[in-house]
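So this one's final-v3.cif, mmCIF, C-alpha atoms (C1' of nucleotides):
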```cif
data_start
#
loop_
_atom_site.label_atom_id
_atom_site.label_comp_id
_atom_site.auth_asym_id
_atom_site.auth_seq_id
_atom_site.Cartn_x
_atom_site.Cartn_y
_atom_site.Cartn_z
CA MET A 1 -7.32 50.51 71.19
CA ALA A 2 -6.46 47.01 70.04
CA TYR A 3 -8.71 47.26 67.01
CA ALA A 4 -5.93 49.33 65.46
CA THR A 5 -3.38 46.53 65.38
CA ALA A 6 -6.06 44.12 64.23
CA ILE A 7 -7.10 46.18 61.25
CA GLU A 8 -3.51 47.00 60.39
CA SER A 9 -2.68 43.30 60.41
CA LEU A 10 -5.49 42.40 58.07
CA ALA A 11 -4.56 45.15 55.64
CA ASP A 12 -1.82 42.98 54.16
CA PRO A 13 -3.03 40.66 51.34
CA THR A 14 -0.78 37.78 52.36
CA ARG A 15 -1.93 37.99 55.96
CA ARG A 16 -5.52 37.98 54.77
CA ARG A 17 -4.84 34.82 52.80
CA ILE A 18 -3.31 33.23 55.88
CA PHE A 19 -6.26 34.30 57.96
CA GLU A 20 -8.70 32.95 55.41
CA ARG A 21 -6.81 29.70 55.29
CA LEU A 22 -7.24 29.39 59.05
CA ARG A 23 -10.95 29.89 58.61
CA LEU A 24 -11.02 26.39 57.14
CA GLY A 25 -9.45 25.09 60.34
CA PRO A 26 -6.23 25.10 62.38
CA ALA A 27 -2.96 24.44 60.54
CA PRO A 28 0.79 24.33 61.21
CA VAL A 29 3.15 26.85 59.64
CA GLY A 30 4.50 24.53 56.97
CA VAL A 31 1.10 23.64 55.67
CA ILE A 32 0.04 27.25 55.51
CA ALA A 33 3.21 28.23 53.67
CA ARG A 34 2.77 25.46 51.13
CA GLY A 35 -0.40 27.09 49.88
CA LEU A 36 1.16 30.52 49.46
CA PRO A 37 3.63 32.10 47.02
CA VAL A 38 5.96 33.25 49.81
CA SER A 39 8.63 31.55 51.89
CA ARG A 40 8.01 29.82 55.21
CA PRO A 41 9.86 32.48 57.25
CA ALA A 42 7.63 35.10 55.69
CA VAL A 43 4.62 33.16 56.93
CA SER A 44 6.17 32.92 60.38
CA GLN A 45 6.59 36.66 60.46
CA HIS A 46 3.03 37.23 59.37
CA LEU A 47 1.73 34.84 61.97
CA LYS A 48 3.64 36.71 64.63
CA VAL A 49 1.93 39.92 63.60
CA LEU A 50 -1.47 38.25 63.60
CA ARG A 51 -0.82 36.73 67.00
CA GLU A 52 0.23 40.04 68.53
CA ALA A 53 -2.94 41.55 67.10
CA GLY A 54 -5.00 38.94 68.91
CA LEU A 55 -6.27 37.46 65.68
CA VAL A 56 -4.69 34.01 65.98
CA VAL A 57 -3.48 31.72 68.72
CA ASP A 58 -0.80 29.09 68.47
CA GLN A 59 -0.35 25.80 70.18
CA ALA A 60 2.77 23.62 70.32
CA ARG A 61 2.17 20.11 69.02
CA GLY A 62 5.51 18.40 69.20
CA THR A 63 7.76 20.14 66.77
CA ARG A 64 4.84 21.69 64.94
CA ARG A 65 3.08 24.82 65.94
CA VAL A 66 -0.58 24.78 65.13
CA TYR A 67 -2.27 28.10 64.53
CA SER A 68 -5.95 28.87 64.69
CA ILE A 69 -8.19 31.91 64.62
CA ASP A 70 -8.67 33.77 67.88
CA PRO A 71 -12.11 35.36 68.13
CA ALA A 72 -10.76 38.03 70.50
CA GLY A 73 -9.23 40.33 67.91
CA LEU A 74 -12.16 39.69 65.64
CA ALA A 75 -14.53 40.84 68.35
CA GLU A 76 -12.62 44.08 68.88
CA LEU A 77 -12.72 44.83 65.20
CA ARG A 78 -16.40 44.12 65.00
CA ALA A 79 -17.12 46.33 67.96
CA TRP A 80 -15.22 49.20 66.42
CA LEU A 81 -17.04 48.85 63.13
CA ASP A 82 -20.39 48.72 64.86
CA GLN A 83 -19.70 52.13 66.36
CA PHE A 84 -20.06 53.51 62.87
CA TRP A 85 -22.94 51.45 61.82
CA THR A 86 -26.05 53.16 63.16
CA GLU A 87 -24.45 56.58 63.16
CA ALA A 88 -23.41 56.31 59.53
CA LEU A 89 -26.76 55.07 58.38
CA THR A 90 -28.74 57.86 59.97
CA SER A 91 -26.43 60.68 58.96
CA PHE A 92 -26.11 59.25 55.48
CA LYS A 93 -29.83 59.10 55.03
CA ALA A 94 -30.26 62.64 56.30
CA GLU A 95 -27.61 63.95 53.93
CA VAL A 96 -29.01 62.29 50.84
CA GLU A 97 -32.56 63.39 51.53
CA SER A 98 -31.79 66.99 52.36
CA ALA A 99 -29.11 68.20 49.96
CA PRO A 100 -29.54 67.15 46.36
CA ARG A 101 -27.81 70.20 44.84
CA GLY A 102 -24.44 70.48 43.11
CA PRO A 103 -22.53 68.07 40.87
CA ARG A 104 -20.97 65.21 42.77
CA ARG A 105 -17.88 64.94 40.60
CA LYS A 106 -16.25 66.95 37.84
CA ALA A 107 -17.16 64.73 34.88
CA MET B 1 -13.57 41.79 46.63
CA ALA B 2 -14.08 45.41 47.64
CA TYR B 3 -13.61 44.63 51.29
CA ALA B 4 -9.90 44.57 50.49
CA THR B 5 -9.65 48.24 49.56
CA ALA B 6 -11.89 49.13 52.47
CA ILE B 7 -9.73 47.42 55.06
CA GLU B 8 -6.56 48.70 53.46
CA SER B 9 -7.91 52.22 53.62
CA LEU B 10 -8.77 52.00 57.29
CA ALA B 11 -5.36 50.58 58.15
CA ASP B 12 -3.85 54.05 58.09
CA PRO B 13 -4.10 55.93 61.42
CA THR B 14 -4.71 59.29 59.81
CA ARG B 15 -7.47 57.90 57.63
CA ARG B 16 -9.04 56.33 60.70
CA ARG B 17 -9.03 59.71 62.40
CA ILE B 18 -10.67 61.26 59.37
CA PHE B 19 -13.23 58.50 59.29
CA GLU B 20 -13.94 58.88 62.98
CA ARG B 21 -14.31 62.61 62.54
CA LEU B 22 -16.94 61.97 59.91
CA ARG B 23 -18.78 59.78 62.35
CA LEU B 24 -19.70 62.98 64.17
CA GLY B 25 -21.25 64.28 60.98
CA PRO B 26 -20.42 65.53 57.45
CA ALA B 27 -17.59 68.04 57.10
CA PRO B 28 -15.64 69.89 54.39
CA VAL B 29 -11.96 69.20 53.78
CA GLY B 30 -10.68 72.31 55.49
CA VAL B 31 -12.53 71.61 58.69
CA ILE B 32 -11.29 68.04 58.79
CA ALA B 33 -7.71 69.15 58.17
CA ARG B 34 -7.88 71.74 60.94
CA GLY B 35 -8.31 68.98 63.50
CA LEU B 36 -5.38 66.94 62.27
CA PRO B 37 -1.58 67.27 62.44
CA VAL B 38 -1.19 66.96 58.66
CA SER B 39 -1.58 69.36 55.75
CA ARG B 40 -4.78 69.92 53.83
CA PRO B 41 -3.50 68.24 50.65
CA ALA B 42 -2.71 65.16 52.71
CA VAL B 43 -6.30 65.08 53.87
CA SER B 44 -7.49 65.45 50.29
CA GLN B 45 -5.39 62.47 49.28
CA HIS B 46 -6.72 60.40 52.16
CA LEU B 47 -10.28 61.32 51.31
CA LYS B 48 -9.71 60.20 47.75
CA VAL B 49 -8.58 56.81 48.99
CA LEU B 50 -11.56 56.53 51.31
CA ARG B 51 -13.91 57.52 48.52
CA GLU B 52 -12.51 54.97 46.11
CA ALA B 53 -12.90 52.36 48.82
CA GLY B 54 -16.59 53.20 49.09
CA LEU B 55 -16.21 54.42 52.65
CA VAL B 56 -17.11 58.09 52.13
CA VAL B 57 -19.11 60.13 49.65
CA ASP B 58 -18.56 63.76 48.75
CA GLN B 59 -20.92 66.46 47.73
CA ALA B 60 -20.13 69.83 46.15
CA ARG B 61 -21.49 72.75 48.18
CA GLY B 62 -20.32 75.82 46.32
CA THR B 63 -16.59 75.93 46.66
CA ARG B 64 -16.60 73.48 49.53
CA ARG B 65 -16.77 69.76 49.20
CA VAL B 66 -18.60 68.12 52.04
CA TYR B 67 -17.66 64.56 52.90
CA SER B 68 -19.71 62.04 54.79
CA ILE B 69 -19.57 58.36 55.62
CA ASP B 70 -20.88 55.94 53.01
CA PRO B 71 -22.39 52.82 54.56
CA ALA B 72 -21.60 50.80 51.41
CA GLY B 73 -17.95 50.08 52.13
CA LEU B 74 -18.78 49.58 55.77
CA ALA B 75 -21.30 46.92 54.82
CA GLU B 76 -18.78 45.05 52.69
CA LEU B 77 -16.29 45.02 55.51
CA ARG B 78 -18.84 43.81 57.97
CA ALA B 79 -19.95 41.04 55.67
CA TRP B 80 -16.39 39.84 55.24
CA LEU B 81 -15.77 39.85 58.98
CA ASP B 82 -18.97 37.95 59.60
CA GLN B 83 -17.72 35.15 57.41
CA PHE B 84 -15.18 34.45 60.11
CA TRP B 85 -17.43 34.97 63.01
CA THR B 86 -19.36 31.74 63.42
CA GLU B 87 -16.65 29.64 61.82
CA ALA B 88 -13.99 31.00 64.12
CA LEU B 89 -16.07 30.59 67.24
CA THR B 90 -16.89 26.95 66.61
CA SER B 91 -13.42 25.89 65.55
CA PHE B 92 -11.90 27.84 68.39
CA LYS B 93 -14.13 26.20 70.93
CA ALA B 94 -13.37 22.78 69.50
CA GLU B 95 -9.64 23.40 69.64
CA VAL B 96 -9.59 24.64 73.20
CA GLU B 97 -11.74 21.82 74.49
CA SER B 98 -9.97 18.98 72.72
CA ALA B 99 -6.25 19.70 72.88
CA PRO B 100 -4.96 20.91 76.22
CA ARG B 101 -1.43 19.52 75.79
CA GLY B 102 1.82 21.34 75.15
CA PRO B 103 2.99 24.79 76.27
CA ARG B 104 1.41 27.61 74.29
CA ARG B 105 4.57 29.74 74.30
CA LYS B 106 8.18 29.31 75.21
CA ALA B 107 8.15 31.21 78.50
"C1'" DG C 1 23.15 10.16 71.44
"C1'" DC C 2 22.78 11.60 66.72
"C1'" DT C 3 20.21 13.01 62.73
"C1'" DT C 4 16.37 15.11 60.69
"C1'" DA C 5 12.23 18.02 60.47
"C1'" DC C 6 9.88 22.10 61.90
"C1'" DG C 7 9.83 26.73 62.90
"C1'" DG C 8 11.25 31.20 65.00
"C1'" DT C 9 14.79 35.09 64.51
"C1'" DA C 10 18.43 38.19 62.27
"C1'" DA C 11 20.12 41.04 58.67
"C1'" DG C 12 19.62 43.20 54.43
"C1'" DC C 13 17.00 44.85 50.25
"C1'" DA C 14 13.41 46.84 47.52
"C1'" DA C 15 8.88 48.47 46.80
"C1'" DT C 16 5.18 51.02 48.69
"C1'" DA C 17 2.96 54.88 50.59
"C1'" DA C 18 2.29 58.89 53.55
"C1'" DC C 19 3.83 63.26 53.83
"C1'" DT C 20 5.54 67.91 52.08
"C1'" DT C 21 5.52 72.21 48.90
"C1'" DA C 22 4.08 74.19 44.60
"C1'" DC C 23 0.59 74.80 41.26
"C1'" DC C 24 -3.97 75.14 38.96
"C1'" DT C 25 -8.95 75.22 38.66
"C1'" DT C 26 -13.39 76.68 40.22
"C1'" DC C 27 -16.80 79.09 42.74
"C1'" DT C 28 -18.21 83.34 45.58
"C1'" DG C 29 -18.81 88.16 46.71
"C1'" DT C 30 -18.09 92.85 45.77
"C1'" DA D 1 -14.65 91.57 36.09
"C1'" DC D 2 -11.60 90.67 39.72
"C1'" DA D 3 -9.81 89.17 44.34
"C1'" DG D 4 -9.86 85.65 47.41
"C1'" DA D 5 -11.00 81.21 49.35
"C1'" DA D 6 -11.44 76.16 48.92
"C1'" DG D 7 -9.70 72.12 47.33
"C1'" DG D 8 -7.84 68.68 43.97
"C1'" DT D 9 -3.33 67.23 41.58
"C1'" DA D 10 1.86 66.79 40.62
"C1'" DA D 11 6.47 65.87 41.93
"C1'" DG D 12 9.79 64.63 45.18
"C1'" DT D 13 11.44 62.76 49.81
"C1'" DT D 14 11.57 59.60 53.52
"C1'" DA D 15 10.00 55.96 56.53
"C1'" DT D 16 7.86 51.73 56.68
"C1'" DT D 17 7.42 46.98 55.70
"C1'" DG D 18 7.14 42.68 53.36
"C1'" DC D 19 10.24 39.73 51.29
"C1'" DT D 20 14.57 36.94 50.91
"C1'" DT D 21 18.59 33.95 52.64
"C1'" DA D 22 21.20 32.39 56.48
"C1'" DC D 23 21.27 30.78 61.06
"C1'" DC D 24 19.84 28.68 65.51
"C1'" DG D 25 17.03 26.11 68.93
"C1'" DT D 26 14.12 22.19 69.93
"C1'" DA D 27 11.39 18.00 69.67
"C1'" DA D 28 10.97 13.21 67.53
"C1'" DG D 29 12.68 8.78 65.80
"C1'" DC D 30 16.19 5.46 64.67
#
```

Target format structure tokens, applied to this file:
Amino acid sequence: MAYATAIESLADPTRRRIFERLRLGPAPVGVIARGLPVSRPAVSQHLKVLREAGLVVDQARGTRRVYSIDPAGLAELRAWLDQFWTEALTSFKAEVESAPRGPRRKA
Amino acid sequence: MAYATAIESLADPTRRRIFERLRLGPAPVGVIARGLPVSRPAVSQHLKVLREAGLVVDQARGTRRVYSIDPAGLAELRAWLDQFWTEALTSFKAEVESAPRGPRRKA
DNA sequence: GCTTACGGTAAGCAATAACTTACCTTCTGT
DNA sequence: ACAGAAGGTAAGTTATTGCTTACCGTAAGC
């Protein structure tokens, strides 16, 4: 059920930017915030959400707190998506091939 | 850039339930709504969002409108996630192995 | 030991969005 | 042709949430 919090976390544009920043490598809060148009506390709050979703991990380094991507949440999300994958492909193909009648949209 | 609308669409619990219902096979709006605790118009609105995100397609069948999963949006989402996959695994492994100092959380 | 830097938390505000009811259009069957 | 069913759209309400500023704890360096 943890895929839910993961996907909900990544729905926010700012959190996606944070997450994508971490894809380049681990970084402390201040550095992450410097590259974004929001305040440092906002970034802290976002990182908390991402951490609780299992998408990032943090590590104390003196007074800094270095964040990096946690594959755990990513794996959950991927697993959930894959549930749809084969199923969607087969049923989609069947639909398209069998029922070509009726307008698809008004105009 | 379409992965953004896809992930934002699936962030909503009700839309996820709709999407998961469609995993079982195509269904008209009324049938989908009957299995959910929200009104039919709400389902219509959700389906519109999912359609614009490329996650579902609809097909007119007389007065019904049958919805089914569209693999397109799913593919975009998967591709975006995969960008993190290898990168995250390697950098995560490197982090864990190299820096075992400092408490990870306060208590 | 004191100052400074870094970052998490609290409180408050404003914008978004998920729902509702009401309405209108369109297709079907008699 | 008309009655009814199915569903998309409009307008309005309410809850959520992402942001801000202010504050506090803690580790590092002189």

*asked:* Which residues would end up in the selection if the PyMOL selection byres ((chain C) within 10 of (chain A)) were applied here, given that I need the answer as a list in words?
replied: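 For this structure, the PyMOL selection byres ((chain C) within 10 of (chain A)) captures DA5, DC6, DG7, DG8 and DT9 of chain C.
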
_Counting only C-alpha atoms (C1' of nucleotides), chain D residues within 12 Å of chain B, as a ChimeraX atom specification_ = /D:4-10,25-27

*Which of these residues is nearest to chain A, using only C-alpha atoms: B:Ser39, B:Thr5, B:Thr86, B:Gln59?*
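Looking only at the distances to chain A, the closest residue turns out to be B:Gln59.
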
*Expanded to explicit residues, what is the PyMOL selection byres ((chain D and resi 30) around 12) for this file, as a list in words?*
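Applying the expression gives DG1, DC2, DT3 and DT4 of chain C; DA28 and DG29 of chain D.
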
*Could you give me, as a ChimeraX atom specification, the residues within 12 Å of Glu20 in chain A, counting only C-alpha atoms (C1' of nucleotides) and dropping anything in the same chain fewer than 2 positions from it?*
/A:10,13-18,22-27,32,35-36,55-56,68-69 /B:80-81,83-85,87-88

Residues matched by the PyMOL selection byres ((chain C and resi 14) around 10), written as a compact mmCIF listing (two decimals) with C-alpha atoms (C1' of nucleotides), in the frame of the given file:
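result19.txt was written with the following content:
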```txt
# COMPACT_ATOMS: atom_id res chain seq x y z
C1' DG C 12 19.62 43.20 54.43
C1' DC C 13 17.00 44.85 50.25
C1' DA C 15 8.88 48.47 46.80
C1' DT C 16 5.18 51.02 48.69
C1' DG D 18 7.14 42.68 53.36
C1' DC D 19 10.24 39.73 51.29
```

Write out all heavy atoms for range 72-83 of chain B, as a PDB file, in the frame of the given file.
```pdb
ATOM      1  N   ALA B  72     -21.856  51.903  52.361  1.00  0.00           N
ATOM      2  CA  ALA B  72     -21.600  50.800  51.410  1.00  0.00           C
ATOM      3  C   ALA B  72     -20.337  50.021  51.766  1.00  0.00           C
ATOM      4  O   ALA B  72     -20.371  48.807  51.972  1.00  0.00           O
ATOM      5  CB  ALA B  72     -21.507  51.358  49.998  1.00  0.00           C
ATOM      6  N   GLY B  73     -19.211  50.748  51.835  1.00  0.00           N
ATOM      7  CA  GLY B  73     -17.950  50.080  52.130  1.00  0.00           C
ATOM      8  C   GLY B  73     -17.978  49.422  53.495  1.00  0.00           C
ATOM      9  O   GLY B  73     -17.429  48.337  53.697  1.00  0.00           O
ATOM     10  N   LEU B  74     -18.648  50.102  54.417  1.00  0.00           N
ATOM     11  CA  LEU B  74     -18.780  49.580  55.770  1.00  0.00           C
ATOM     12  C   LEU B  74     -19.502  48.232  55.742  1.00  0.00           C
ATOM     13  O   LEU B  74     -19.116  47.280  56.445  1.00  0.00           O
ATOM     14  CB  LEU B  74     -19.576  50.592  56.592  1.00  0.00           C
ATOM     15  CG  LEU B  74     -19.137  50.903  58.016  1.00  0.00           C
ATOM     16  CD1 LEU B  74     -17.630  51.006  58.131  1.00  0.00           C
ATOM     17  CD2 LEU B  74     -19.789  52.197  58.470  1.00  0.00           C
ATOM     18  N   ALA B  75     -20.512  48.147  54.908  1.00  0.00           N
ATOM     19  CA  ALA B  75     -21.300  46.920  54.820  1.00  0.00           C
ATOM     20  C   ALA B  75     -20.450  45.770  54.280  1.00  0.00           C
ATOM     21  O   ALA B  75     -20.517  44.639  54.789  1.00  0.00           O
ATOM     22  CB  ALA B  75     -22.507  47.152  53.915  1.00  0.00           C
ATOM     23  N   GLU B  76     -19.645  46.078  53.283  1.00  0.00           N
ATOM     24  CA  GLU B  76     -18.780  45.050  52.690  1.00  0.00           C
ATOM     25  C   GLU B  76     -17.832  44.487  53.737  1.00  0.00           C
ATOM     26  O   GLU B  76     -17.618  43.276  53.841  1.00  0.00           O
ATOM     27  CB  GLU B  76     -17.953  45.663  51.564  1.00  0.00           C
ATOM     28  CG  GLU B  76     -18.783  46.137  50.408  1.00  0.00           C
ATOM     29  CD  GLU B  76     -18.310  45.490  49.125  1.00  0.00           C
ATOM     30  OE1 GLU B  76     -17.765  44.359  49.193  1.00  0.00           O
ATOM     31  OE2 GLU B  76     -18.476  46.115  48.064  1.00  0.00           O
ATOM     32  N   LEU B  77     -17.247  45.409  54.493  1.00  0.00           N
ATOM     33  CA  LEU B  77     -16.290  45.020  55.510  1.00  0.00           C
ATOM     34  C   LEU B  77     -16.933  44.138  56.559  1.00  0.00           C
ATOM     35  O   LEU B  77     -16.383  43.114  56.976  1.00  0.00           O
ATOM     36  CB  LEU B  77     -15.738  46.298  56.149  1.00  0.00           C
ATOM     37  CG  LEU B  77     -14.323  46.229  56.699  1.00  0.00           C
ATOM     38  CD1 LEU B  77     -13.389  45.627  55.675  1.00  0.00           C
ATOM     39  CD2 LEU B  77     -13.865  47.617  57.086  1.00  0.00           C
ATOM     40  N   ARG B  78     -18.106  44.551  56.958  1.00  0.00           N
ATOM     41  CA  ARG B  78     -18.840  43.810  57.970  1.00  0.00           C
ATOM     42  C   ARG B  78     -19.183  42.409  57.489  1.00  0.00           C
ATOM     43  O   ARG B  78     -19.058  41.429  58.223  1.00  0.00           O
ATOM     44  CB  ARG B  78     -20.118  44.571  58.300  1.00  0.00           C
ATOM     45  CG  ARG B  78     -20.565  44.463  59.726  1.00  0.00           C
ATOM     46  CD  ARG B  78     -21.786  45.340  59.907  1.00  0.00           C
ATOM     47  NE  ARG B  78     -22.889  44.564  60.440  1.00  0.00           N
ATOM     48  CZ  ARG B  78     -23.251  44.616  61.722  1.00  0.00           C
ATOM     49  NH1 ARG B  78     -22.581  45.361  62.565  1.00  0.00           N
ATOM     50  NH2 ARG B  78     -24.252  43.904  62.147  1.00  0.00           N
ATOM     51  N   ALA B  79     -19.591  42.339  56.240  1.00  0.00           N
ATOM     52  CA  ALA B  79     -19.950  41.040  55.670  1.00  0.00           C
ATOM     53  C   ALA B  79     -18.740  40.111  55.651  1.00  0.00           C
ATOM     54  O   ALA B  79     -18.842  38.923  55.979  1.00  0.00           O
ATOM     55  CB  ALA B  79     -20.481  41.230  54.239  1.00  0.00           C
ATOM     56  N   TRP B  80     -17.602  40.651  55.298  1.00  0.00           N
ATOM     57  CA  TRP B  80     -16.390  39.840  55.240  1.00  0.00           C
ATOM     58  C   TRP B  80     -16.018  39.336  56.637  1.00  0.00           C
ATOM     59  O   TRP B  80     -15.707  38.160  56.825  1.00  0.00           O
ATOM     60  CB  TRP B  80     -15.236  40.668  54.661  1.00  0.00           C
ATOM     61  CG  TRP B  80     -13.966  39.911  54.528  1.00  0.00           C
ATOM     62  CD1 TRP B  80     -13.686  38.938  53.620  1.00  0.00           C
ATOM     63  CD2 TRP B  80     -12.789  40.060  55.329  1.00  0.00           C
ATOM     64  NE1 TRP B  80     -12.412  38.474  53.807  1.00  0.00           N
ATOM     65  CE2 TRP B  80     -11.839  39.137  54.849  1.00  0.00           C
ATOM     66  CE3 TRP B  80     -12.443  40.886  56.404  1.00  0.00           C
ATOM     67  CZ2 TRP B  80     -10.569  39.016  55.397  1.00  0.00           C
ATOM     68  CZ3 TRP B  80     -11.187  40.770  56.950  1.00  0.00           C
ATOM     69  CH2 TRP B  80     -10.264  39.843  56.443  1.00  0.00           C
ATOM     70  N   LEU B  81     -16.087  40.235  57.601  1.00  0.00           N
ATOM     71  CA  LEU B  81     -15.770  39.850  58.980  1.00  0.00           C
ATOM     72  C   LEU B  81     -16.720  38.770  59.482  1.00  0.00           C
ATOM     73  O   LEU B  81     -16.301  37.831  60.166  1.00  0.00           O
ATOM     74  CB  LEU B  81     -15.855  41.058  59.900  1.00  0.00           C
ATOM     75  CG  LEU B  81     -14.603  41.883  60.091  1.00  0.00           C
ATOM     76  CD1 LEU B  81     -14.808  42.890  61.199  1.00  0.00           C
ATOM     77  CD2 LEU B  81     -13.411  40.997  60.418  1.00  0.00           C
ATOM     78  N   ASP B  82     -17.976  38.905  59.111  1.00  0.00           N
ATOM     79  CA  ASP B  82     -18.970  37.950  59.600  1.00  0.00           C
ATOM     80  C   ASP B  82     -18.736  36.548  59.070  1.00  0.00           C
ATOM     81  O   ASP B  82     -19.155  35.571  59.685  1.00  0.00           O
ATOM     82  CB  ASP B  82     -20.380  38.430  59.235  1.00  0.00           C
ATOM     83  CG  ASP B  82     -20.851  39.528  60.188  1.00  0.00           C
ATOM     84  OD1 ASP B  82     -20.106  39.827  61.130  1.00  0.00           O
ATOM     85  OD2 ASP B  82     -21.957  40.074  59.984  1.00  0.00           O
ATOM     86  N   GLN B  83     -18.071  36.469  57.933  1.00  0.00           N
ATOM     87  CA  GLN B  83     -17.720  35.150  57.410  1.00  0.00           C
ATOM     88  C   GLN B  83     -16.870  34.380  58.409  1.00  0.00           C
ATOM     89  O   GLN B  83     -16.925  33.164  58.478  1.00  0.00           O
ATOM     90  CB  GLN B  83     -16.926  35.298  56.111  1.00  0.00           C
ATOM     91  CG  GLN B  83     -17.759  35.601  54.887  1.00  0.00           C
ATOM     92  CD  GLN B  83     -16.927  35.433  53.642  1.00  0.00           C
ATOM     93  OE1 GLN B  83     -15.716  35.660  53.662  1.00  0.00           O
ATOM     94  NE2 GLN B  83     -17.556  35.032  52.558  1.00  0.00           N
TER      95      GLN B  83
END
```
